[in-house]
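Enquirer: Provided below: query.cif, containing mmCIF, C-alpha atoms.
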data_protein
loop_
_atom_site.group_PDB
_atom_site.id
_atom_site.type_symbol
_atom_site.label_atom_id
_atom_site.label_comp_id
_atom_site.auth_asym_id
_atom_site.auth_seq_id
_atom_site.Cartn_x
_atom_site.Cartn_y
_atom_site.Cartn_z
ATOM 1 C CA MET W 1 121.235 121.037 115.323
ATOM 2 C CA VAL W 2 117.439 121.280 115.352
ATOM 3 C CA GLU W 3 117.311 120.879 111.571
ATOM 4 C CA ALA W 4 119.663 117.852 111.647
ATOM 5 C CA ARG W 5 117.502 116.313 114.391
ATOM 6 C CA SER W 6 114.380 116.941 112.321
ATOM 7 C CA ILE W 7 116.010 115.249 109.337
ATOM 8 C CA ALA W 8 117.020 112.255 111.480
ATOM 9 C CA ARG W 9 113.429 112.014 112.705
ATOM 10 C CA LYS W 10 112.144 112.023 109.111
ATOM 11 C CA VAL W 11 114.651 109.341 108.032
ATOM 12 C CA PHE W 12 113.381 107.207 110.921
ATOM 13 C CA HIS W 13 109.831 107.898 109.698
ATOM 14 C CA PHE W 14 110.760 106.663 106.186
ATOM 15 C CA SER W 15 111.942 103.369 107.697
ATOM 16 C CA SER W 16 108.349 102.599 108.611
ATOM 17 C CA ALA W 17 107.769 101.850 104.920
ATOM 18 C CA SER W 18 109.282 98.455 105.761
ATOM 19 C CA ILE W 19 105.905 97.298 107.098
ATOM 20 C CA PRO W 20 103.825 97.856 103.954
ATOM 21 C CA LEU W 21 106.760 96.390 101.998
ATOM 22 C CA CYS W 22 106.581 93.342 104.271
ATOM 23 C CA TYR W 23 102.838 93.117 103.572
ATOM 24 C CA LEU W 24 103.435 93.301 99.808
ATOM 25 C CA PHE W 25 106.244 90.757 99.584
ATOM 26 C CA ILE W 26 105.811 88.409 102.553
ATOM 27 C CA GLY W 27 102.127 88.649 103.372
ATOM 28 C CA ARG W 28 99.469 89.995 105.654
ATOM 29 C CA MET W 29 100.229 87.802 108.665
ATOM 30 C CA ALA W 30 103.948 88.622 108.605
ATOM 31 C CA ALA W 31 103.212 92.357 108.384
ATOM 32 C CA LEU W 32 100.668 92.096 111.183
ATOM 33 C CA VAL W 33 103.030 90.190 113.488
ATOM 34 C CA PHE W 34 105.914 92.542 112.633
ATOM 35 C CA SER W 35 103.774 95.608 113.359
ATOM 36 C CA LEU W 36 102.378 94.179 116.608
ATOM 37 C CA VAL W 37 105.875 93.353 117.885
ATOM 38 C CA LEU W 38 107.031 96.886 117.041
ATOM 39 C CA LEU W 39 103.901 98.341 118.673
ATOM 40 C CA ALA W 40 104.518 96.354 121.869
ATOM 41 C CA LEU W 41 108.171 97.445 121.978
ATOM 42 C CA SER W 42 107.175 101.036 121.299
ATOM 43 C CA ALA W 43 104.516 100.950 124.042
ATOM 44 C CA CYS W 44 107.082 99.701 126.567
ATOM 45 C CA PHE W 45 109.559 102.338 125.431
ATOM 46 C CA GLU W 46 106.965 105.113 125.665
ATOM 47 C CA ILE W 47 105.783 104.066 129.128
ATOM 48 C CA LEU W 48 109.360 104.072 130.408
ATOM 49 C CA ARG W 49 110.294 107.301 128.593
ATOM 50 C CA ILE W 50 107.238 109.262 129.691
ATOM 51 C CA GLY W 51 107.600 107.945 133.250
ATOM 52 C CA GLY W 52 111.182 109.232 133.335
ATOM 53 C CA ARG W 53 112.681 105.777 133.830
ATOM 54 C CA LEU W 54 114.346 105.666 130.426
ATOM 55 C CA ASN W 55 116.569 108.249 128.822
ATOM 56 C CA ILE W 56 118.313 107.091 125.690
ATOM 57 C CA SER W 57 120.806 109.770 124.712
ATOM 58 C CA PHE W 58 120.712 108.775 121.020
ATOM 59 C CA VAL W 59 116.969 109.381 120.889
ATOM 60 C CA THR W 60 117.269 112.660 122.767
ATOM 61 C CA LYS W 61 120.190 113.875 120.681
ATOM 62 C CA TYR W 62 119.236 112.749 117.193
ATOM 63 C CA MET W 63 115.577 111.843 117.001
ATOM 64 C CA GLU W 64 114.140 115.101 118.327
ATOM 65 C CA VAL W 65 111.389 114.209 120.728
ATOM 66 C CA LYS W 66 109.181 117.245 120.266
ATOM 67 C CA GLU W 67 108.296 119.409 123.253
ATOM 68 C CA SER W 68 104.652 118.457 122.725
ATOM 69 C CA GLU W 69 105.671 114.778 122.988
ATOM 70 C CA SER W 70 107.612 115.048 126.233
ATOM 71 C CA ARG W 71 104.635 113.829 128.291
ATOM 72 C CA LYS W 72 102.765 111.833 125.669
ATOM 73 C CA PRO W 73 103.655 109.194 123.072
ATOM 74 C CA THR W 74 105.693 110.181 120.019
ATOM 75 C CA GLY W 75 104.269 110.213 116.508
ATOM 76 C CA SER W 76 105.944 106.894 115.717
ATOM 77 C CA PHE W 77 103.866 105.212 118.430
ATOM 78 C CA TYR W 78 100.660 106.473 116.809
ATOM 79 C CA TYR W 79 101.790 105.240 113.396
ATOM 80 C CA LEU W 80 102.596 101.835 114.894
ATOM 81 C CA LEU W 81 99.124 101.852 116.440
ATOM 82 C CA ALA W 82 97.507 102.698 113.086
ATOM 83 C CA ILE W 83 99.338 99.937 111.195
ATOM 84 C CA PRO W 84 97.640 96.828 112.650
ATOM 85 C CA VAL W 85 94.253 98.580 112.527
ATOM 86 C CA THR W 86 94.792 99.420 108.854
ATOM 87 C CA ILE W 87 96.027 95.900 108.038
ATOM 88 C CA LEU W 88 93.136 94.215 109.861
ATOM 89 C CA VAL W 89 90.294 96.434 108.664
ATOM 90 C CA PHE W 90 91.129 97.248 105.055
ATOM 91 C CA GLN W 91 91.723 95.335 101.828
ATOM 92 C CA LYS W 92 95.408 94.797 100.886
ATOM 93 C CA SER W 93 95.935 97.461 98.194
ATOM 94 C CA VAL W 94 94.020 100.007 100.296
ATOM 95 C CA ALA W 95 96.016 99.215 103.443
ATOM 96 C CA VAL W 96 99.415 99.101 101.740
ATOM 97 C CA SER W 97 98.938 102.326 99.777
ATOM 98 C CA SER W 98 97.621 104.158 102.852
ATOM 99 C CA LEU W 99 100.566 102.999 104.963
ATOM 100 C CA PHE W 100 103.014 104.073 102.248
ATOM 101 C CA ILE W 101 101.428 107.524 102.146
ATOM 102 C CA ALA W 102 101.892 107.896 105.901
ATOM 103 C CA ALA W 103 105.458 106.544 105.754
ATOM 104 C CA ILE W 104 106.654 108.500 102.719
ATOM 105 C CA ALA W 105 104.433 111.486 101.883
ATOM 106 C CA ASP W 106 104.216 112.720 105.484
ATOM 107 C CA PRO W 107 107.971 113.015 106.145
ATOM 108 C CA LEU W 108 108.574 114.394 102.617
ATOM 109 C CA CYS W 109 105.960 117.047 103.324
ATOM 110 C CA SER W 110 107.665 117.928 106.586
ATOM 111 C CA LEU W 111 111.127 118.125 104.991
ATOM 112 C CA ALA W 112 109.799 120.299 102.165
ATOM 113 C CA GLY W 113 108.106 122.551 104.700
ATOM 114 C CA LEU W 114 111.358 122.901 106.644
ATOM 115 C CA LYS W 115 113.394 123.631 103.528
ATOM 116 C CA TRP W 116 111.075 125.676 101.313
ATOM 117 C CA GLY W 117 107.996 126.437 103.422
ATOM 118 C CA LYS W 118 107.293 130.151 103.126
ATOM 119 C CA THR W 119 103.567 130.346 102.415
ATOM 120 C CA LYS W 120 101.811 129.582 105.693
ATOM 121 C CA ILE W 121 98.556 127.724 105.519
ATOM 122 C CA PHE W 122 97.186 127.243 109.004
ATOM 123 C CA GLU W 123 100.229 126.058 110.984
ATOM 124 C CA LYS W 124 101.838 124.299 108.023
ATOM 125 C CA SER W 125 103.108 125.428 104.636
ATOM 126 C CA LEU W 126 101.575 125.392 101.181
ATOM 127 C CA GLU W 127 104.890 124.066 99.832
ATOM 128 C CA GLY W 128 104.890 121.113 102.251
ATOM 129 C CA SER W 129 101.234 120.338 101.571
ATOM 130 C CA SER W 130 101.902 120.444 97.819
ATOM 131 C CA VAL W 131 104.703 117.901 98.236
ATOM 132 C CA PHE W 132 102.368 115.712 100.310
ATOM 133 C CA PHE W 133 99.730 115.802 97.544
ATOM 134 C CA VAL W 134 102.207 114.995 94.757
ATOM 135 C CA ALA W 135 103.900 112.215 96.766
ATOM 136 C CA SER W 136 100.500 110.710 97.640
ATOM 137 C CA LEU W 137 99.452 110.821 94.003
ATOM 138 C CA LEU W 138 102.691 109.126 92.933
ATOM 139 C CA ILE W 139 102.306 106.408 95.570
ATOM 140 C CA LEU W 140 98.709 105.785 94.534
ATOM 141 C CA SER W 141 99.787 105.478 90.879
ATOM 142 C CA PHE W 142 101.497 102.188 91.750
ATOM 143 C CA PHE W 143 98.132 100.678 92.679
ATOM 144 C CA PRO W 144 95.198 99.698 90.453
ATOM 145 C CA PHE W 145 92.896 102.554 91.441
ATOM 146 C CA PRO W 146 91.108 104.631 88.793
ATOM 147 C CA THR W 147 92.618 108.065 88.115
ATOM 148 C CA HIS W 148 89.753 109.963 89.728
ATOM 149 C CA VAL W 149 90.077 107.840 92.883
ATOM 150 C CA ARG W 150 93.803 108.599 93.050
ATOM 151 C CA LEU W 151 93.221 112.338 92.668
ATOM 152 C CA ILE W 152 90.415 112.525 95.225
ATOM 153 C CA THR W 153 92.283 110.324 97.699
ATOM 154 C CA ALA W 154 95.523 112.306 97.399
ATOM 155 C CA PHE W 155 93.567 115.539 97.883
ATOM 156 C CA VAL W 156 91.653 114.254 100.926
ATOM 157 C CA ALA W 157 94.817 112.713 102.440
ATOM 158 C CA THR W 158 96.490 116.123 102.056
ATOM 159 C CA LEU W 159 93.567 117.745 103.856
ATOM 160 C CA ILE W 160 93.829 115.135 106.618
ATOM 161 C CA GLU W 161 97.530 115.952 107.046
ATOM 162 C CA LEU W 162 96.799 119.664 107.002
ATOM 163 C CA PHE W 163 93.798 119.731 109.333
ATOM 164 C CA THR W 164 94.472 117.018 111.918
ATOM 165 C CA PRO W 165 94.158 118.835 115.257
ATOM 166 C CA LYS W 166 97.190 118.977 117.544
ATOM 167 C CA TRP W 167 95.534 116.751 120.149
ATOM 168 C CA LEU W 168 95.135 113.993 117.524
ATOM 169 C CA ASP W 169 98.336 112.790 115.831
ATOM 170 C CA ASP W 170 98.399 112.725 112.020
ATOM 171 C CA ASN W 171 100.425 109.505 112.113
ATOM 172 C CA LEU W 172 97.176 107.916 113.262
ATOM 173 C CA THR W 173 94.743 109.864 111.097
ATOM 174 C CA ILE W 174 96.601 109.766 107.762
ATOM 175 C CA PRO W 175 96.741 105.988 107.209
ATOM 176 C CA ILE W 176 93.288 105.260 108.622
ATOM 177 C CA GLY W 177 91.628 108.290 106.991
ATOM 178 C CA THR W 178 93.264 107.572 103.631
ATOM 179 C CA ALA W 179 92.170 103.930 103.821
ATOM 180 C CA LEU W 180 88.601 104.994 104.620
ATOM 181 C CA VAL W 181 88.534 107.317 101.600
ATOM 182 C CA LEU W 182 89.926 104.625 99.296
ATOM 183 C CA THR W 183 87.439 102.078 100.600
ATOM 184 C CA PHE W 184 84.538 104.463 100.113
ATOM 185 C CA LEU W 185 85.625 105.399 96.573
ATOM 186 C CA THR W 186 86.388 101.885 95.303
#
Represent the supplied structure as structure tokens.
Expert:
Amino acid sequence: MVEARSIARKVFHFSSASIPLCYLFIGRMAALVFSLVLLALSACFEILRIGGRLNISFVTKYMEVKESESRKPTGSFYYLLAIPVTILVFQKSVAVSSLFIAAIADPLCSLAGLKWGKTKIFEKSLEGSSVFFVASLLILSFFPFPTHVRLITAFVATLIELFTPKWLDDNLTIPIGTALVLTFLT
């Protein structure tokens, strides 16, 4: 059941790609409002959940709240926190590509690590990190960045995913760190 719960958590993570899609097709303000509403709802949920006043069996059963998240916000909260910051601070193609990397490459990396991860690299797997790099590179290829910028950014984003300390959630560091790298390189 743990593996099925992990997969359900990753599918939920993929759904967060709806915000950069909203930014691309509807606009910055719509994406910002959408993300702020989701952040406010998530903050309320987290306050109630952590305080023990809310126990949603679906979330407990299928979404796998990690042991490390039992007394602190879940990774999705940190991603929802990173979204408005990324939208407000960075240029559109930088923000959208960085948010897609967090929404797509991160859960793909995790799924690959669960399925094929044998070569440990720190507390993660070389196989998962390789998938993160390739997925990031593919995502960046949809944007008008020079090839060397795509390669460097995908590599640095992979390092961010790999080396984010446990006390700092990678759902916060990946989109913001990736956007910083892209901004610096372009």
Enquirer: Kindly indicate which residue among W:Ile87, W:Ala17, W:Ala154, W:Ala135 lies nearest to Met29 (chain W), using all atoms listed in the file for the distances.
Expert: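 For Met29 (chain W), the nearest of the candidates is W:Ile87.
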Enquirer: Considering only C-alpha atoms, state which residue in the set W:Leu48, W:Leu32, W:Pro73, W:Phe14 is at the smallest distance from Lys92 (chain W).
Expert: W:Leu32
Enquirer: Need to verify the contact set: Trp116 (chain W), 8 Å, only C-alpha atoms, exclusion of same-chain residues closer than 3 positions in sequence. Can you return it as a PyMOL selection string?
Expert: chain W and resi 112-113+127-128
Enquirer: With the file shown as input, list the residues that the PyMOL selection byres ((chain W and resi 99) around 12) selects, as a PyMOL selection string.
Expert: chain W and resi 13-24+31+35+79-87+90+92-98+100-106+136+139-140+157+171-179
Enquirer: How would you write as a PyMOL selection string the residues that get within 12 Å of (91.9, 104.8, 90.5) in the file's frame, counting only C-alpha atoms?
Expert: chain W and resi 93-94+97+137-154+181-183+185-186
Enquirer: Find the distance between CA of Phe184 (chain W) and CA of Gln91 (chain W) and write it in Å to one decimal.
Expert: 11.7 Å
Enquirer: How many Å separate CA of Leu162 (chain W) from CA of Ala43 (chain W)?
Expert: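 Separation of CA of Leu162 (chain W) and CA of Ala43 (chain W): 26.5 Å.
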